[in-house]
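Scroll down for the structure; my scribbles are underneath it.
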Amino acid sequence: MRIVIKIGTSSITGSEEGGINKVLINQIVDLVRLLKEDLGHQVIIVSSGAVGLGCYRLGWKEKPKTITLKQAAASIGQIQLANLYEEYFRKHNQPIGQVLLTRIGMQDKERYLNARLTLRELLRLGVVPIINENDVVADDEIKFSDNDYLSAVVSELVAAEHLFILTDTEGLFTQDPRENPNAELIQIVEEIDFEIEAKAGVRGSKWGTGGMASKIQAAKMATSFGTTVHILSSKKPNLIVDVLNGKNFGTTFLARSNPVDARKGWIAGGIAPKGKVIVDTGAMVAISKGKSLLPIGIKKVSGKFGRGNAIEICFEEDDQLRVIAIGITKYSSEDLKLLKGHSSDDIEKILGYSYGNSAIHRDDMVVLAVVDDFSHNAA
């Protein structure tokens with residue numbers, strides 16, 4: 001069984017100042033040895049913390065706001081992070097491999113496949129890959145949104161059965177437990193719908209980039225790949241063994257029964273969306289049932305993108321956007337602004353040319369949300 005373990009910045013940095021949580025690192029290393037040697041699993045670690053550790057080494061009291069300072073901090077912190085993992089894994093005679101990925105590299109399908117082959121070869125050799133984003137060269141335009149998202153991409157690359165996201169909370173609650181002590185833990189999530197996404201909120205940590213909302217989005221993507229996702233407390237990493245043995249701890253997001261294929265995995269995980277379209281209720285239901293997106297179902301176009309770019313397909317409810325699919329568009333943003341709300345029969349009349357009846361064909365689309373019975377009104 002292949003298992004991805006993602007460790008967040010708030011867990012790696014064991015203090016408000018951003019220092020290394022060596023106790024957690026040691027626990028994770030011992031856990032990986034148990035999972036590999038005693039239980040026969042293959043394990044991949046997605047580890048955050050480079051920027052935070054770099055800031056700590058430089059004596060900075062807060063995360064920098066400029067890209068160049070973040071990149072400088074990452075270059076310093078990445079060395080510390082890699083050396084620490086090497087030191088702790090060496091006691092078990094366990095080889096590790098550092099893998100730094102970039103979103104722009106994943107947009108090229110050949111590089112995406114090369115990354116997949118390399119990771120799987122490392123696993124075949126018995127190596128534990130330690131993965132992070134290459135923050136030194138990535139900027140806000142070409143980077144993964146956070147390492148939660150990256151862990152979902154890695155899960156597709158290695159065809160992982162389970163993704164464990166270790167964080168500073170016990171899992172997903174009905175409300176924010178930091179604000180409401182009576183909030184209840186949600187143990188099983190069969191489908192990530194509007195209600196689940198609304199419970200995630202937007203609050204993150206001082207040094208990290210995510211929060212529960214980013215973890216929900218990562219779970220939405222990873223489950224579409226056929227990976228079961230678990231959110232657990234980083235204070236109790238050994239619960240991973242209990243969860244694998246069928247016990248309920250944290251929050252478990254069940255894998256989709258009809259996972260996407262490899263090409264669609266690349267579309268969803270490798271290509272950075274350049275914009276988005278907001279669709280009506282009819283289009284959302286049709287897309288969730290495997291239909292193409294037609295211009296008549298588009299209500300709004302956001303961002304600037306060209307033909308052949310990946311874009312997000314969203315539905316709006318109560319002033320909140322929900323990403324329901326990602327796909328490669330046949331038409332530019334300017335074209336779709338002219339075509340939105342119109343019948344496919346009018347495309348050539350409006351534009352003077354046509355690339356087909358659909359804005360995004362179902363073969364070029366990855367559906368992230370399934371709607372079986374939707375009774376809401378269009379926003």
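Each chain in the structure tokens gets a letter, A, B, ..., in the order shown, and its residues are numbered from 1; ligands are numbered from 1 in order too.
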Checklist entry - Ala200 (chain A): which residues within 10 Å, counting only C-alpha atoms, same-chain residues fewer than 5 positions away excluded, as a list in words? => result Leu172, Phe173, Thr174, Gln175, Asp176, Glu195, Gly211, Met212, Ala213, Ser214, Lys215, Ile216 and Gln217 of chain A
Go ahead and save the picked residues with N, CA, C and O atoms, as a compact mmCIF listing (two decimals), in the first residue's frame.
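Wrote selection-v2.txt, looks like this:
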# COMPACT_ATOMS: atom_id res chain seq x y z
N LEU A 172 -11.77 17.82 11.04
CA LEU A 172 -12.78 18.80 10.66
C LEU A 172 -13.92 18.77 11.67
O LEU A 172 -14.47 17.70 11.95
N PHE A 173 -14.28 19.94 12.18
CA PHE A 173 -15.34 20.04 13.19
C PHE A 173 -16.56 20.74 12.60
O PHE A 173 -16.48 21.40 11.55
N THR A 174 -17.67 20.60 13.30
CA THR A 174 -18.90 21.27 12.87
C THR A 174 -18.75 22.78 12.93
O THR A 174 -19.39 23.51 12.17
N GLN A 175 -17.89 23.27 13.84
CA GLN A 175 -17.53 24.68 13.95
C GLN A 175 -16.06 24.77 14.35
O GLN A 175 -15.44 23.75 14.68
N ASP A 176 -15.50 25.96 14.32
CA ASP A 176 -14.10 26.13 14.70
C ASP A 176 -13.96 25.85 16.20
O ASP A 176 -14.49 26.58 17.03
N GLU A 195 -21.91 22.39 2.28
CA GLU A 195 -21.96 22.44 3.74
C GLU A 195 -20.61 22.11 4.36
O GLU A 195 -20.16 22.76 5.31
N GLY A 211 -4.66 26.23 6.08
CA GLY A 211 -5.79 26.31 6.99
C GLY A 211 -6.70 25.16 6.62
O GLY A 211 -6.42 24.40 5.70
N MET A 212 -7.81 25.02 7.32
CA MET A 212 -8.69 23.89 7.04
C MET A 212 -9.29 23.99 5.65
O MET A 212 -9.52 22.96 4.99
N ALA A 213 -9.53 25.20 5.15
CA ALA A 213 -10.11 25.34 3.82
C ALA A 213 -9.23 24.72 2.75
O ALA A 213 -9.71 24.04 1.84
N SER A 214 -7.92 24.92 2.85
CA SER A 214 -7.01 24.35 1.85
C SER A 214 -6.97 22.83 1.96
O SER A 214 -6.79 22.13 0.95
N LYS A 215 -7.16 22.32 3.15
CA LYS A 215 -7.16 20.86 3.34
C LYS A 215 -8.40 20.23 2.73
O LYS A 215 -8.35 19.13 2.19
N ILE A 216 -9.52 20.94 2.81
CA ILE A 216 -10.75 20.45 2.20
C ILE A 216 -10.60 20.42 0.68
O ILE A 216 -11.02 19.46 0.01
N GLN A 217 -9.99 21.46 0.11
CA GLN A 217 -9.79 21.50 -1.33
C GLN A 217 -8.83 20.39 -1.77
O GLN A 217 -9.02 19.77 -2.81
Checklist entry - Restricting the calculation to only C-alpha atoms, which member of A:Ala50, A:Leu368, A:Ala359, A:Leu254 is positioned closest to Ser10 (chain A)? => result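 Closest residue, counting only C-alpha atoms: A:Ala50.
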Next on the checklist: Here is a test: counting only C-alpha atoms, which residue of A:Ile44, A:Ile186, A:Ala160, A:Ala369 is nearest to Val127 (chain A)?
Outcome noted: A:Ile44
Apply DSSP to the backbone of this structure and, from region 59-304 of chain A, keep only the residues in strand (DSSP E or B); write these as a short mmCIF file (atom, residue, chain, number, x, y, z; two decimals) with N, CA and C atoms, in the first residue's frame.
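Saved result, selection_6.cif, follows:
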data_model
loop_
_atom_site.label_atom_id
_atom_site.label_comp_id
_atom_site.auth_asym_id
_atom_site.auth_seq_id
_atom_site.Cartn_x
_atom_site.Cartn_y
_atom_site.Cartn_z
N ILE A 96 16.82 8.32 2.14
CA ILE A 96 15.76 9.24 1.75
C ILE A 96 16.20 9.98 0.49
N GLY A 97 15.23 10.54 -0.22
CA GLY A 97 15.52 11.33 -1.40
C GLY A 97 14.74 12.63 -1.36
N GLN A 98 15.43 13.74 -1.55
CA GLN A 98 14.75 15.03 -1.57
C GLN A 98 14.21 15.30 -2.97
N VAL A 99 12.94 15.64 -3.05
CA VAL A 99 12.29 15.94 -4.33
C VAL A 99 11.62 17.31 -4.20
N LEU A 100 12.07 18.28 -4.98
CA LEU A 100 11.49 19.62 -4.98
C LEU A 100 10.73 19.81 -6.28
N LEU A 101 9.44 20.01 -6.18
CA LEU A 101 8.58 20.12 -7.35
C LEU A 101 8.14 21.57 -7.56
N VAL A 128 12.61 6.61 0.89
CA VAL A 128 11.49 7.45 1.32
C VAL A 128 11.66 8.83 0.69
N PRO A 129 10.81 9.21 -0.27
CA PRO A 129 10.90 10.56 -0.85
C PRO A 129 10.41 11.62 0.15
N ILE A 130 11.19 12.68 0.31
CA ILE A 130 10.79 13.83 1.11
C ILE A 130 10.50 14.96 0.13
N ILE A 131 9.25 15.34 0.01
CA ILE A 131 8.82 16.25 -1.07
C ILE A 131 8.42 17.61 -0.50
N ASN A 132 8.83 18.64 -1.21
CA ASN A 132 8.39 19.99 -0.89
C ASN A 132 8.32 20.76 -2.21
N GLU A 133 7.69 21.89 -2.18
CA GLU A 133 7.72 22.74 -3.36
C GLU A 133 9.06 23.47 -3.39
N HIS A 162 -3.83 6.11 0.42
CA HIS A 162 -4.19 6.96 1.55
C HIS A 162 -3.30 8.19 1.58
N LEU A 163 -3.91 9.34 1.89
CA LEU A 163 -3.20 10.58 2.16
C LEU A 163 -3.56 11.02 3.57
N PHE A 164 -2.54 11.15 4.42
CA PHE A 164 -2.73 11.62 5.78
C PHE A 164 -2.20 13.05 5.88
N ILE A 165 -3.08 13.98 6.23
CA ILE A 165 -2.70 15.38 6.41
C ILE A 165 -2.64 15.64 7.91
N LEU A 166 -1.41 15.80 8.42
CA LEU A 166 -1.22 16.05 9.85
C LEU A 166 -1.21 17.56 10.09
N THR A 167 -2.02 17.99 11.03
CA THR A 167 -2.17 19.42 11.28
C THR A 167 -2.33 19.67 12.78
N PHE A 173 -14.28 19.94 12.18
CA PHE A 173 -15.34 20.04 13.19
C PHE A 173 -16.56 20.74 12.60
N LEU A 185 -16.51 16.81 16.28
CA LEU A 185 -15.66 16.28 15.22
C LEU A 185 -16.50 15.53 14.19
N ILE A 188 -16.57 11.00 9.35
CA ILE A 188 -16.60 10.48 7.99
C ILE A 188 -17.26 11.48 7.06
N VAL A 189 -16.63 11.76 5.93
CA VAL A 189 -17.20 12.61 4.90
C VAL A 189 -17.28 11.80 3.62
N THR A 228 -8.09 7.90 -0.45
CA THR A 228 -8.81 8.23 0.78
C THR A 228 -7.96 9.18 1.59
N VAL A 229 -8.58 10.26 2.07
CA VAL A 229 -7.84 11.32 2.76
C VAL A 229 -8.24 11.36 4.23
N HIS A 230 -7.23 11.53 5.09
CA HIS A 230 -7.46 11.60 6.53
C HIS A 230 -6.81 12.86 7.09
N ILE A 231 -7.54 13.61 7.90
CA ILE A 231 -6.97 14.73 8.63
C ILE A 231 -6.82 14.31 10.09
N LEU A 232 -5.58 14.35 10.58
CA LEU A 232 -5.27 13.91 11.93
C LEU A 232 -4.44 14.96 12.65
N SER A 233 -4.43 14.88 13.97
CA SER A 233 -3.60 15.77 14.77
C SER A 233 -2.13 15.36 14.66
N THR A 251 -10.69 12.97 10.83
CA THR A 251 -11.74 13.02 9.80
C THR A 251 -11.27 12.28 8.57
N THR A 252 -12.10 11.39 8.06
CA THR A 252 -11.79 10.61 6.87
C THR A 252 -12.70 11.03 5.72
N PHE A 253 -12.09 11.34 4.59
CA PHE A 253 -12.81 11.68 3.36
C PHE A 253 -12.69 10.47 2.43
N LYS A 276 -11.53 31.39 -14.41
CA LYS A 276 -12.68 30.58 -13.99
C LYS A 276 -13.94 31.05 -14.70
N VAL A 277 -14.90 30.14 -14.77
CA VAL A 277 -16.24 30.49 -15.23
C VAL A 277 -17.21 30.08 -14.13
N ILE A 278 -18.25 30.89 -13.96
CA ILE A 278 -19.30 30.58 -13.00
C ILE A 278 -20.52 30.12 -13.78
N VAL A 279 -21.06 28.96 -13.40
CA VAL A 279 -22.13 28.35 -14.18
C VAL A 279 -23.43 28.34 -13.39
N LEU A 293 -19.49 21.19 -20.77
CA LEU A 293 -19.98 22.52 -20.42
C LEU A 293 -20.32 23.27 -21.70
N ILE A 298 -23.02 29.16 -18.90
CA ILE A 298 -22.03 30.05 -18.27
C ILE A 298 -22.69 31.38 -17.93
N LYS A 299 -22.54 31.80 -16.67
CA LYS A 299 -23.11 33.06 -16.21
C LYS A 299 -22.07 34.19 -16.16
N LYS A 300 -20.83 33.84 -15.84
CA LYS A 300 -19.81 34.85 -15.66
C LYS A 300 -18.44 34.28 -16.00
N VAL A 301 -17.54 35.11 -16.53
CA VAL A 301 -16.18 34.72 -16.87
C VAL A 301 -15.22 35.59 -16.08
N SER A 302 -14.24 34.97 -15.43
CA SER A 302 -13.30 35.70 -14.59
C SER A 302 -11.87 35.35 -14.99
#
Write out as a CSV table (one decimal) with all heavy atoms, in the first residue's frame each polymer residue whose atoms come within 12 Å of Leu84 (chain A), counting only C-alpha atoms; drop sequence neighbours fewer than 2 positions from it.
chain,number,residue,atom,x,y,z
A,12,ILE,N,5.6,21.4,12.0
A,12,ILE,CA,7.1,21.3,11.8
A,12,ILE,C,7.7,22.3,12.7
A,12,ILE,O,8.8,22.1,13.4
A,12,ILE,CB,7.5,21.5,10.4
A,12,ILE,CG1,7.1,20.3,9.5
A,12,ILE,CG2,9.0,21.8,10.3
A,12,ILE,CD1,7.9,19.1,9.8
A,20,ILE,N,12.4,24.3,14.9
A,20,ILE,CA,12.1,23.0,14.5
A,20,ILE,C,11.5,22.1,15.6
A,20,ILE,O,12.0,22.1,16.8
A,20,ILE,CB,13.3,22.3,14.0
A,20,ILE,CG1,13.8,23.0,12.7
A,20,ILE,CG2,13.1,20.8,13.7
A,20,ILE,CD1,15.1,22.4,12.2
A,21,ASN,N,10.4,21.4,15.4
A,21,ASN,CA,9.8,20.5,16.3
A,21,ASN,C,10.5,19.1,16.1
A,21,ASN,O,10.0,18.3,15.4
A,21,ASN,CB,8.3,20.4,16.0
A,21,ASN,CG,7.6,19.6,17.1
A,21,ASN,OD1,8.2,18.8,17.8
A,21,ASN,ND2,6.2,19.7,17.1
A,22,LYS,N,11.6,19.0,16.8
A,22,LYS,CA,12.4,17.7,16.7
A,22,LYS,C,11.7,16.5,17.2
A,22,LYS,O,11.9,15.4,16.7
A,22,LYS,CB,13.8,17.9,17.3
A,22,LYS,CG,14.6,19.0,16.7
A,22,LYS,CD,16.0,19.0,17.3
A,22,LYS,CE,16.9,20.0,16.6
A,22,LYS,NZ,18.3,20.1,17.2
A,23,VAL,N,10.8,16.7,18.2
A,23,VAL,CA,10.1,15.6,18.8
A,23,VAL,C,9.2,15.0,17.7
A,23,VAL,O,9.1,13.8,17.5
A,23,VAL,CB,9.3,16.1,20.0
A,23,VAL,CG1,8.3,14.9,20.4
A,23,VAL,CG2,10.2,16.5,21.1
A,24,LEU,N,8.5,15.9,17.0
A,24,LEU,CA,7.6,15.4,15.9
A,24,LEU,C,8.3,14.7,14.8
A,24,LEU,O,7.9,13.6,14.3
A,24,LEU,CB,6.7,16.5,15.3
A,24,LEU,CG,5.9,16.2,14.1
A,24,LEU,CD1,4.8,15.1,14.5
A,24,LEU,CD2,5.2,17.4,13.5
A,25,ILE,N,9.5,15.3,14.4
A,25,ILE,CA,10.3,14.7,13.3
A,25,ILE,C,10.7,13.3,13.7
A,25,ILE,O,10.6,12.3,12.9
A,25,ILE,CB,11.5,15.6,13.0
A,25,ILE,CG1,11.1,16.9,12.5
A,25,ILE,CG2,12.4,14.8,12.0
A,25,ILE,CD1,10.5,16.9,11.1
A,26,ASN,N,11.1,13.1,15.0
A,26,ASN,CA,11.6,11.8,15.4
A,26,ASN,C,10.4,10.8,15.5
A,26,ASN,O,10.5,9.7,15.1
A,26,ASN,CB,12.1,12.0,16.8
A,26,ASN,CG,12.8,10.7,17.3
A,26,ASN,OD1,13.6,10.1,16.6
A,26,ASN,ND2,12.4,10.2,18.5
A,28,ILE,N,7.7,10.9,13.5
A,28,ILE,CA,7.4,10.6,12.1
A,28,ILE,C,8.4,9.6,11.6
A,28,ILE,O,8.0,8.6,10.9
A,28,ILE,CB,7.4,11.9,11.2
A,28,ILE,CG1,6.2,12.8,11.6
A,28,ILE,CG2,7.3,11.5,9.8
A,28,ILE,CD1,4.9,12.3,11.4
A,29,VAL,N,9.6,9.8,11.8
A,29,VAL,CA,10.7,8.9,11.3
A,29,VAL,C,10.4,7.5,11.9
A,29,VAL,O,10.5,6.5,11.2
A,29,VAL,CB,12.1,9.4,11.7
A,29,VAL,CG1,13.1,8.3,11.4
A,29,VAL,CG2,12.4,10.6,10.9
A,47,SER,N,6.6,17.5,3.2
A,47,SER,CA,6.9,18.3,4.4
A,47,SER,C,7.0,19.8,4.1
A,47,SER,O,7.8,20.2,3.3
A,47,SER,CB,8.3,17.8,4.9
A,47,SER,OG,8.6,18.5,6.1
A,49,GLY,N,7.5,23.7,5.9
A,49,GLY,CA,8.4,24.3,6.9
A,49,GLY,C,9.7,25.0,6.5
A,49,GLY,O,10.3,25.6,7.3
A,50,ALA,N,10.0,24.9,5.2
A,50,ALA,CA,11.3,25.5,4.8
A,50,ALA,C,11.3,27.0,5.0
A,50,ALA,O,12.3,27.6,5.5
A,50,ALA,CB,11.6,25.2,3.3
A,53,LEU,N,11.4,27.8,8.8
A,53,LEU,CA,12.7,27.5,9.4
A,53,LEU,C,13.8,28.5,9.0
A,53,LEU,O,14.7,28.9,9.7
A,53,LEU,CB,13.1,26.1,9.0
A,53,LEU,CG,12.3,25.0,9.6
A,53,LEU,CD1,12.8,23.6,9.1
A,53,LEU,CD2,12.2,25.0,11.1
A,77,GLY,N,16.1,27.5,4.9
A,77,GLY,CA,15.3,26.5,5.6
A,77,GLY,C,15.3,25.1,5.0
A,77,GLY,O,15.2,24.1,5.7
A,78,GLN,N,15.3,25.1,3.7
A,78,GLN,CA,15.3,23.8,3.0
A,78,GLN,C,16.5,22.9,3.4
A,78,GLN,O,16.4,21.7,3.6
A,78,GLN,CB,15.2,23.9,1.5
A,78,GLN,CG,14.8,22.7,0.8
A,78,GLN,CD,13.4,22.2,1.1
A,78,GLN,OE1,12.5,22.9,1.1
A,78,GLN,NE2,13.4,20.9,1.5
A,79,ILE,N,17.7,23.5,3.6
A,79,ILE,CA,18.8,22.8,3.9
A,79,ILE,C,18.7,22.2,5.3
A,79,ILE,O,19.0,21.0,5.6
A,79,ILE,CB,20.1,23.7,3.9
A,79,ILE,CG1,20.4,24.1,2.5
A,79,ILE,CG2,21.3,23.0,4.5
A,79,ILE,CD1,21.5,25.0,2.3
A,80,GLN,N,18.2,23.0,6.3
A,80,GLN,CA,17.9,22.5,7.6
A,80,GLN,C,17.0,21.4,7.6
A,80,GLN,O,17.2,20.4,8.3
A,80,GLN,CB,17.4,23.7,8.5
A,80,GLN,CG,18.4,24.8,8.6
A,80,GLN,CD,17.8,25.9,9.5
A,80,GLN,OE1,17.7,25.7,10.8
A,80,GLN,NE2,17.2,26.9,9.0
A,81,LEU,N,15.9,21.5,6.9
A,81,LEU,CA,14.8,20.5,6.9
A,81,LEU,C,15.4,19.2,6.3
A,81,LEU,O,15.2,18.1,6.9
A,81,LEU,CB,13.7,21.0,6.0
A,81,LEU,CG,12.3,20.3,6.2
A,81,LEU,CD1,11.8,20.4,7.6
A,81,LEU,CD2,11.3,20.9,5.2
A,82,ALA,N,16.1,19.2,5.2
A,82,ALA,CA,16.6,18.0,4.6
A,82,ALA,C,17.7,17.4,5.5
A,82,ALA,O,17.7,16.1,5.7
A,82,ALA,CB,17.3,18.3,3.3
A,86,GLU,N,17.5,13.6,7.2
A,86,GLU,CA,18.6,12.7,6.9
A,86,GLU,C,19.2,12.1,8.3
A,86,GLU,O,19.5,11.0,8.4
A,86,GLU,CB,19.7,13.4,6.1
A,86,GLU,CG,21.0,12.6,6.0
A,86,GLU,CD,20.8,11.3,5.2
A,86,GLU,OE1,19.9,11.1,4.4
A,86,GLU,OE2,21.7,10.3,5.4
A,87,GLU,N,19.4,13.1,9.2
A,87,GLU,CA,20.0,12.7,10.5
A,87,GLU,C,19.1,11.6,11.2
A,87,GLU,O,19.6,10.6,11.7
A,87,GLU,CB,20.1,13.9,11.4
A,87,GLU,CG,20.6,13.6,12.8
A,87,GLU,CD,20.5,14.9,13.7
A,87,GLU,OE1,20.4,16.0,13.2
A,87,GLU,OE2,20.6,14.7,14.9
A,88,TYR,N,17.8,11.9,11.2
A,88,TYR,CA,16.9,11.0,12.0
A,88,TYR,C,16.6,9.7,11.2
A,88,TYR,O,16.5,8.6,11.9
A,88,TYR,CB,15.6,11.7,12.3
A,88,TYR,CG,15.6,12.6,13.4
A,88,TYR,CD1,16.3,13.8,13.4
A,88,TYR,CD2,15.0,12.3,14.6
A,88,TYR,CE1,16.4,14.7,14.5
A,88,TYR,CE2,15.1,13.2,15.7
A,88,TYR,CZ,15.8,14.4,15.6
A,88,TYR,OH,15.9,15.2,16.7
A,89,PHE,N,16.6,9.7,9.9
A,89,PHE,CA,16.4,8.5,9.2
A,89,PHE,C,17.6,7.6,9.2
A,89,PHE,O,17.5,6.4,9.0
A,89,PHE,CB,15.9,8.8,7.7
A,89,PHE,CG,14.4,8.9,7.6
A,89,PHE,CD1,13.8,10.1,7.3
A,89,PHE,CD2,13.6,7.8,7.7
A,89,PHE,CE1,12.5,10.2,7.2
A,89,PHE,CE2,12.2,7.9,7.5
A,89,PHE,CZ,11.7,9.1,7.3
A,90,ARG,N,18.8,8.2,9.3
A,90,ARG,CA,20.0,7.5,9.3
A,90,ARG,C,20.1,6.4,10.4
A,90,ARG,O,20.7,5.4,10.3
A,90,ARG,CB,21.2,8.4,9.3
A,90,ARG,CG,22.6,7.7,9.0
A,90,ARG,CD,23.8,8.6,9.2
A,90,ARG,NE,23.6,9.8,8.3
A,90,ARG,CZ,23.6,11.0,8.8
A,90,ARG,NH1,23.7,11.3,10.1
A,90,ARG,NH2,23.5,12.1,7.9
A,91,LYS,N,19.5,6.7,11.5
A,91,LYS,CA,19.5,5.8,12.7
A,91,LYS,C,18.8,4.5,12.3
A,91,LYS,O,19.1,3.5,13.0
A,91,LYS,CB,19.0,6.5,13.9
A,91,LYS,CG,17.5,6.7,13.9
A,91,LYS,CD,16.9,7.3,15.2
A,91,LYS,CE,15.4,7.5,15.1
A,91,LYS,NZ,14.9,8.2,16.4
A,96,ILE,N,16.8,8.3,2.1
A,96,ILE,CA,15.8,9.2,1.7
A,96,ILE,C,16.2,10.0,0.5
A,96,ILE,O,17.4,10.0,0.2
A,96,ILE,CB,15.4,10.3,2.9
A,96,ILE,CG1,16.6,11.2,3.1
A,96,ILE,CG2,15.0,9.6,4.1
A,96,ILE,CD1,16.3,12.3,4.1
A,98,GLN,N,15.4,13.7,-1.6
A,98,GLN,CA,14.8,15.0,-1.6
A,98,GLN,C,14.2,15.3,-3.0
A,98,GLN,O,14.9,15.2,-4.0
A,98,GLN,CB,15.7,16.2,-1.2
A,98,GLN,CG,15.0,17.5,-1.1
A,98,GLN,CD,16.0,18.6,-0.7
A,98,GLN,OE1,17.0,18.7,-1.4
A,98,GLN,NE2,15.6,19.4,0.3
A,130,ILE,N,11.2,12.7,0.3
A,130,ILE,CA,10.8,13.8,1.1
A,130,ILE,C,10.5,15.0,0.1
A,130,ILE,O,11.4,15.5,-0.5
A,130,ILE,CB,11.9,14.3,2.1
A,130,ILE,CG1,12.4,13.1,2.9
A,130,ILE,CG2,11.4,15.4,3.0
A,130,ILE,CD1,11.4,12.5,3.8
Next on the checklist: Just to confirm, what's the straight-line distance from CA of Ile3 (chain A) to CA of His92 (chain A) in Å (one decimal)?
Outcome noted: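 We find that CA of Ile3 (chain A) and CA of His92 (chain A) lie 19.1 Å from each other.
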